[in-house]
Amino acid sequence: YKNGRVEIIPNDMGNRITPSYVAFTEDERLIGEAAKNQATINPAQTVFDAKRLLGRRFKDPTVQKDIKLLPFNITDQGGKPFIVVRVRGESKALAPEEVSGMVLAKMRETAENYLGKEVKHAVVTVPAYFNDKQRQA
């Protein structure tokens, strides 16, 4: 909020919309547009639509359908879906909440760089169709 109005902060590519993508390459983690831009050459290591897995059980029919459509691996850990990626040559299972947290951390970093000060509060919205478990996740 600046000068009496809402200001949308541009991302590091200068755009006001940042895709919720996280990609893992051999030596780095990419978030947002950088991750999305390399998705076609690194599909198994590029995570998107993680929000579809939030608050769901692995056996949920929606999750089972998504597993067939998404290019990255999803595994069952304690009845919950976890996304499997390779990080520094080792397999790592990430909760959907972790992936969403990576995107949010990047958004915070972008805002702090733009504003030149620490960001302590944020409003995060969720889709209206989310159930309570998904909202809590």
# chains A, B, ... in the order shown; residues from 1 in each chain; ligands from 1
>>> select_by_dssp(residues="region 34-127 of chain A", states="alpha helix (DSSP H)", output="ChimeraX atom specification")
/A:34-37,61-69,96-115
>>> write_last_selection(atoms="N, CA and C atoms", output="mmCIF file, in the first residue's frame")
data_model
loop_
_atom_site.group_PDB
_atom_site.id
_atom_site.type_symbol
_atom_site.label_atom_id
_atom_site.label_comp_id
_atom_site.auth_asym_id
_atom_site.auth_seq_id
_atom_site.Cartn_x
_atom_site.Cartn_y
_atom_site.Cartn_z
ATOM 1 N N ALA A 34 11.571 -18.135 -14.023
ATOM 2 C CA ALA A 34 12.795 -18.861 -14.394
ATOM 3 C C ALA A 34 12.536 -20.361 -14.387
ATOM 4 N N ALA A 35 11.775 -20.836 -13.408
ATOM 5 C CA ALA A 35 11.435 -22.266 -13.334
ATOM 6 C C ALA A 35 10.510 -22.654 -14.478
ATOM 7 N N LYS A 36 9.497 -21.849 -14.719
ATOM 8 C CA LYS A 36 8.524 -22.156 -15.783
ATOM 9 C C LYS A 36 9.192 -22.155 -17.153
ATOM 10 N N ASN A 37 10.113 -21.234 -17.368
ATOM 11 C CA ASN A 37 10.773 -21.110 -18.673
ATOM 12 C C ASN A 37 11.598 -22.328 -19.049
ATOM 13 N N PRO A 61 -9.164 -39.430 -4.998
ATOM 14 C CA PRO A 61 -9.293 -39.615 -6.453
ATOM 15 C C PRO A 61 -8.695 -38.465 -7.273
ATOM 16 N N THR A 62 -8.792 -37.246 -6.756
ATOM 17 C CA THR A 62 -8.214 -36.097 -7.467
ATOM 18 C C THR A 62 -6.697 -36.221 -7.540
ATOM 19 N N VAL A 63 -6.079 -36.636 -6.442
ATOM 20 C CA VAL A 63 -4.620 -36.819 -6.413
ATOM 21 C C VAL A 63 -4.223 -37.936 -7.369
ATOM 22 N N GLN A 64 -4.960 -39.027 -7.359
ATOM 23 C CA GLN A 64 -4.645 -40.149 -8.242
ATOM 24 C C GLN A 64 -4.745 -39.743 -9.710
ATOM 25 N N LYS A 65 -5.721 -38.909 -10.032
ATOM 26 C CA LYS A 65 -5.858 -38.399 -11.401
ATOM 27 C C LYS A 65 -4.672 -37.488 -11.745
ATOM 28 N N ASP A 66 -4.311 -36.615 -10.804
ATOM 29 C CA ASP A 66 -3.192 -35.693 -11.031
ATOM 30 C C ASP A 66 -1.877 -36.439 -11.239
ATOM 31 N N ILE A 67 -1.674 -37.527 -10.501
ATOM 32 C CA ILE A 67 -0.445 -38.312 -10.628
ATOM 33 C C ILE A 67 -0.245 -38.765 -12.071
ATOM 34 N N LYS A 68 -1.336 -39.098 -12.736
ATOM 35 C CA LYS A 68 -1.258 -39.568 -14.123
ATOM 36 C C LYS A 68 -0.957 -38.435 -15.101
ATOM 37 N N LEU A 69 -1.266 -37.208 -14.709
ATOM 38 C CA LEU A 69 -1.124 -36.069 -15.620
ATOM 39 C C LEU A 69 0.137 -35.229 -15.399
ATOM 40 N N PRO A 96 3.749 -30.704 -0.380
ATOM 41 C CA PRO A 96 3.249 -29.582 -1.186
ATOM 42 C C PRO A 96 3.387 -28.250 -0.449
ATOM 43 N N GLU A 97 3.246 -28.284 0.873
ATOM 44 C CA GLU A 97 3.391 -27.068 1.674
ATOM 45 C C GLU A 97 4.804 -26.504 1.583
ATOM 46 N N GLU A 98 5.800 -27.389 1.474
ATOM 47 C CA GLU A 98 7.192 -26.935 1.331
ATOM 48 C C GLU A 98 7.383 -26.205 0.007
ATOM 49 N N VAL A 99 6.811 -26.766 -1.052
ATOM 50 C CA VAL A 99 6.935 -26.148 -2.377
ATOM 51 C C VAL A 99 6.252 -24.782 -2.367
ATOM 52 N N SER A 100 5.050 -24.716 -1.814
ATOM 53 C CA SER A 100 4.350 -23.432 -1.721
ATOM 54 C C SER A 100 5.149 -22.449 -0.872
ATOM 55 N N GLY A 101 5.778 -22.947 0.185
ATOM 56 C CA GLY A 101 6.613 -22.102 1.035
ATOM 57 C C GLY A 101 7.802 -21.517 0.294
ATOM 58 N N MET A 102 8.371 -22.295 -0.627
ATOM 59 C CA MET A 102 9.494 -21.802 -1.435
ATOM 60 C C MET A 102 9.048 -20.627 -2.302
ATOM 61 N N VAL A 103 7.857 -20.747 -2.890
ATOM 62 C CA VAL A 103 7.327 -19.665 -3.727
ATOM 63 C C VAL A 103 7.054 -18.435 -2.862
ATOM 64 N N LEU A 104 6.436 -18.638 -1.707
ATOM 65 C CA LEU A 104 6.146 -17.509 -0.816
ATOM 66 C C LEU A 104 7.420 -16.841 -0.313
ATOM 67 N N ALA A 105 8.445 -17.624 -0.015
ATOM 68 C CA ALA A 105 9.723 -17.053 0.434
ATOM 69 C C ALA A 105 10.332 -16.185 -0.664
ATOM 70 N N LYS A 106 10.228 -16.634 -1.911
ATOM 71 C CA LYS A 106 10.737 -15.851 -3.042
ATOM 72 C C LYS A 106 9.948 -14.552 -3.185
ATOM 73 N N MET A 107 8.628 -14.635 -3.002
ATOM 74 C CA MET A 107 7.798 -13.429 -3.094
ATOM 75 C C MET A 107 8.190 -12.429 -2.002
ATOM 76 N N ARG A 108 8.454 -12.948 -0.810
ATOM 77 C CA ARG A 108 8.870 -12.075 0.286
ATOM 78 C C ARG A 108 10.204 -11.407 -0.041
ATOM 79 N N GLU A 109 11.150 -12.204 -0.537
ATOM 80 C CA GLU A 109 12.464 -11.662 -0.903
ATOM 81 C C GLU A 109 12.319 -10.569 -1.961
ATOM 82 N N THR A 110 11.483 -10.811 -2.955
ATOM 83 C CA THR A 110 11.246 -9.829 -4.019
ATOM 84 C C THR A 110 10.662 -8.546 -3.441
ATOM 85 N N ALA A 111 9.679 -8.683 -2.558
ATOM 86 C CA ALA A 111 9.051 -7.510 -1.943
ATOM 87 C C ALA A 111 10.052 -6.731 -1.093
ATOM 88 N N GLU A 112 10.869 -7.447 -0.321
ATOM 89 C CA GLU A 112 11.852 -6.773 0.529
ATOM 90 C C GLU A 112 12.892 -6.030 -0.303
ATOM 91 N N ASN A 113 13.327 -6.633 -1.399
ATOM 92 C CA ASN A 113 14.287 -5.960 -2.282
ATOM 93 C C ASN A 113 13.671 -4.712 -2.900
ATOM 94 N N TYR A 114 12.430 -4.797 -3.294
ATOM 95 C CA TYR A 114 11.738 -3.674 -3.928
ATOM 96 C C TYR A 114 11.494 -2.542 -2.926
ATOM 97 N N LEU A 115 11.048 -2.912 -1.737
ATOM 98 C CA LEU A 115 10.698 -1.913 -0.722
ATOM 99 C C LEU A 115 11.897 -1.404 0.067
#
>>> residues_around(residues="Leu53 (chain A)", least_positions_apart="2", cutoff="9 Å", atoms="only C-alpha atoms", output="ChimeraX atom specification")
/A:49-51,55-58,62-63,66,80-82,95-97,134
>>> write_last_selection(atoms="C-alpha atoms", output="compact mmCIF listing (two decimals), in the first residue's frame")
# COMPACT_ATOMS: atom_id res chain seq x y z
CA ASP A 49 0.15 -27.06 -9.37
CA ALA A 50 1.39 -28.08 -5.90
CA LYS A 51 -1.69 -26.35 -4.49
CA GLY A 55 -4.54 -30.83 2.37
CA ARG A 56 -5.37 -33.97 0.39
CA ARG A 57 -4.75 -37.63 1.09
CA PHE A 58 -2.63 -39.67 -1.33
CA THR A 62 -8.21 -36.10 -7.47
CA VAL A 63 -4.62 -36.82 -6.41
CA ASP A 66 -3.19 -35.69 -11.03
CA LYS A 80 -0.14 -37.80 2.15
CA PRO A 81 1.15 -36.91 -1.32
CA PHE A 82 4.80 -35.85 -1.47
CA ALA A 95 5.44 -31.82 0.99
CA PRO A 96 3.25 -29.58 -1.19
CA GLU A 97 3.39 -27.07 1.67
CA GLN A 134 -6.74 -27.41 2.16
>>> atom_distance(atom1="CA of Ile83 (chain A)", atom2="CA of Lys59 (chain A)")
14.5 Å
>>> atom_distance(atom1="CA of Lys120 (chain A)", atom2="CA of Glu28 (chain A)")
26.7 Å
>>> closest_residue(among="A:Glu7, A:Glu26, A:Asp12, A:Asp60", to="Val85 (chain A)", atoms="only C-alpha atoms")
A:Glu26
>>> residues_around(residues="Val84 (chain A)", least_positions_apart="6", cutoff="6 Å", atoms="only C-alpha atoms", output="list in words")
Asn73, Ile74, Lys92 and Ala93 of chain A
>>> write_last_selection(atoms="C-alpha atoms", output="mmCIF file, in the first residue's frame")
data_model
loop_
_atom_site.group_PDB
_atom_site.id
_atom_site.type_symbol
_atom_site.label_atom_id
_atom_site.label_comp_id
_atom_site.auth_asym_id
_atom_site.auth_seq_id
_atom_site.Cartn_x
_atom_site.Cartn_y
_atom_site.Cartn_z
ATOM 1 C CA ASN A 73 6.792 -37.998 -9.358
ATOM 2 C CA ILE A 74 4.390 -38.042 -6.430
ATOM 3 C CA LYS A 92 14.149 -35.811 -1.880
ATOM 4 C CA ALA A 93 10.436 -35.930 -1.047
#
>>> residues_around(residues="Gln45 (chain A)", least_positions_apart="2", cutoff="8 Å", atoms="only C-alpha atoms", output="PDB file with N, CA and C atoms, in the first residue's frame")
ATOM      1  N   ALA A  23      11.709 -25.254  -9.766  1.00  0.00           N
ATOM      2  CA  ALA A  23      12.485 -26.241 -10.528  1.00  0.00           C
ATOM      3  C   ALA A  23      13.823 -26.481  -9.846  1.00  0.00           C
ATOM      4  N   PHE A  24      14.284 -27.708 -10.000  1.00  0.00           N
ATOM      5  CA  PHE A  24      15.571 -28.104  -9.435  1.00  0.00           C
ATOM      6  C   PHE A  24      16.468 -28.547 -10.577  1.00  0.00           C
ATOM      7  N   THR A  25      17.616 -27.867 -10.715  1.00  0.00           N
ATOM      8  CA  THR A  25      18.602 -28.261 -11.715  1.00  0.00           C
ATOM      9  C   THR A  25      19.750 -28.923 -10.957  1.00  0.00           C
ATOM     10  N   ALA A  39      10.785 -25.508 -17.972  1.00  0.00           N
ATOM     11  CA  ALA A  39       9.964 -26.691 -17.685  1.00  0.00           C
ATOM     12  C   ALA A  39       9.966 -27.714 -18.818  1.00  0.00           C
ATOM     13  N   ASN A  42      13.138 -29.765 -18.553  1.00  0.00           N
ATOM     14  CA  ASN A  42      13.387 -30.365 -17.243  1.00  0.00           C
ATOM     15  C   ASN A  42      12.051 -30.699 -16.553  1.00  0.00           C
ATOM     16  N   PRO A  43      11.148 -31.417 -17.240  1.00  0.00           N
ATOM     17  CA  PRO A  43       9.792 -31.596 -16.699  1.00  0.00           C
ATOM     18  C   PRO A  43       9.712 -32.370 -15.387  1.00  0.00           C
ATOM     19  N   VAL A  47       8.244 -28.411 -10.600  1.00  0.00           N
ATOM     20  CA  VAL A  47       7.006 -28.625  -9.855  1.00  0.00           C
ATOM     21  C   VAL A  47       6.069 -27.438 -10.054  1.00  0.00           C
ATOM     22  N   PHE A  72       6.070 -34.769 -12.902  1.00  0.00           N
ATOM     23  CA  PHE A  72       6.972 -35.078 -11.790  1.00  0.00           C
ATOM     24  C   PHE A  72       6.368 -36.195 -10.942  1.00  0.00           C
ATOM     25  N   VAL A  85      11.789 -35.078  -6.030  1.00  0.00           N
ATOM     26  CA  VAL A  85      12.721 -34.409  -6.945  1.00  0.00           C
ATOM     27  C   VAL A  85      14.138 -34.833  -6.587  1.00  0.00           C
ATOM     28  N   ARG A  86      15.071 -34.534  -7.474  1.00  0.00           N
ATOM     29  CA  ARG A  86      16.489 -34.797  -7.194  1.00  0.00           C
ATOM     30  C   ARG A  86      17.143 -33.464  -6.830  1.00  0.00           C
TER      31      ARG A  86
END
>>> select_by_dssp(residues="chain A", states="strand (DSSP E or B)", output="PyMOL selection string")
chain A and resi 2+5+22-24+29-31+46-47+73-77+80-87+90-94
>>> write_last_selection(atoms="N, CA and C atoms", output="compact mmCIF listing (two decimals), in the first residue's frame")
# COMPACT_ATOMS: atom_id res chain seq x y z
N LYS A 2 0.74 2.06 -1.01
CA LYS A 2 1.63 3.21 -1.13
C LYS A 2 0.85 4.39 -1.71
N ARG A 5 -2.92 3.90 -2.27
CA ARG A 5 -3.44 2.86 -3.17
C ARG A 5 -2.57 1.61 -3.12
N VAL A 22 8.46 -24.27 -9.19
CA VAL A 22 9.77 -24.45 -8.55
C VAL A 22 10.49 -25.54 -9.33
N ALA A 23 11.71 -25.25 -9.77
CA ALA A 23 12.48 -26.24 -10.53
C ALA A 23 13.82 -26.48 -9.85
N PHE A 24 14.28 -27.71 -10.00
CA PHE A 24 15.57 -28.10 -9.43
C PHE A 24 16.47 -28.55 -10.58
N ARG A 29 18.19 -23.99 -7.51
CA ARG A 29 16.74 -24.05 -7.42
C ARG A 29 16.21 -22.78 -8.08
N LEU A 30 15.28 -22.94 -8.99
CA LEU A 30 14.68 -21.81 -9.69
C LEU A 30 13.23 -21.67 -9.24
N ILE A 31 12.77 -20.43 -9.14
CA ILE A 31 11.40 -20.19 -8.68
C ILE A 31 10.74 -19.16 -9.59
N THR A 46 10.53 -30.03 -12.44
CA THR A 46 9.83 -28.75 -12.38
C THR A 46 8.45 -28.97 -11.78
N VAL A 47 8.24 -28.41 -10.60
CA VAL A 47 7.01 -28.62 -9.85
C VAL A 47 6.07 -27.44 -10.05
N ASN A 73 7.22 -36.86 -10.17
CA ASN A 73 6.79 -38.00 -9.36
C ASN A 73 6.14 -37.55 -8.06
N ILE A 74 5.09 -38.27 -7.69
CA ILE A 74 4.39 -38.04 -6.43
C ILE A 74 4.33 -39.38 -5.71
N THR A 75 4.71 -39.38 -4.43
CA THR A 75 4.75 -40.61 -3.65
C THR A 75 3.89 -40.48 -2.40
N ASP A 76 3.57 -41.61 -1.81
CA ASP A 76 2.76 -41.67 -0.59
C ASP A 76 3.68 -41.70 0.62
N GLN A 77 3.53 -40.72 1.50
CA GLN A 77 4.28 -40.71 2.76
C GLN A 77 3.28 -40.45 3.88
N LYS A 80 -0.10 -39.12 2.80
CA LYS A 80 -0.14 -37.80 2.15
C LYS A 80 0.71 -37.80 0.89
N PRO A 81 0.34 -36.99 -0.10
CA PRO A 81 1.15 -36.91 -1.32
C PRO A 81 2.40 -36.05 -1.10
N PHE A 82 3.54 -36.58 -1.51
CA PHE A 82 4.80 -35.85 -1.47
C PHE A 82 5.39 -35.84 -2.87
N ILE A 83 6.01 -34.74 -3.24
CA ILE A 83 6.61 -34.56 -4.56
C ILE A 83 8.06 -34.98 -4.48
N VAL A 84 8.47 -35.84 -5.41
CA VAL A 84 9.84 -36.37 -5.39
C VAL A 84 10.68 -35.67 -6.46
N VAL A 85 11.79 -35.08 -6.03
CA VAL A 85 12.72 -34.41 -6.94
C VAL A 85 14.14 -34.83 -6.59
N ARG A 86 15.07 -34.53 -7.47
CA ARG A 86 16.49 -34.80 -7.19
C ARG A 86 17.14 -33.46 -6.83
N VAL A 87 17.77 -33.45 -5.66
CA VAL A 87 18.46 -32.26 -5.18
C VAL A 87 19.91 -32.65 -4.92
N GLU A 90 20.59 -36.34 -5.07
CA GLU A 90 19.87 -37.23 -4.17
C GLU A 90 18.37 -37.01 -4.27
N SER A 91 17.62 -38.11 -4.16
CA SER A 91 16.17 -38.04 -4.19
C SER A 91 15.65 -37.42 -2.90
N LYS A 92 14.71 -36.48 -3.05
CA LYS A 92 14.15 -35.81 -1.88
C LYS A 92 12.64 -35.69 -2.06
N ALA A 93 11.89 -36.04 -1.02
CA ALA A 93 10.44 -35.93 -1.05
C ALA A 93 10.03 -34.63 -0.35
N LEU A 94 9.27 -33.81 -1.06
CA LEU A 94 8.83 -32.52 -0.54
C LEU A 94 7.32 -32.52 -0.35
>>> atom_distance(atom1="CA of Arg52 (chain A)", atom2="CA of Pro127 (chain A)")
10.4 Å
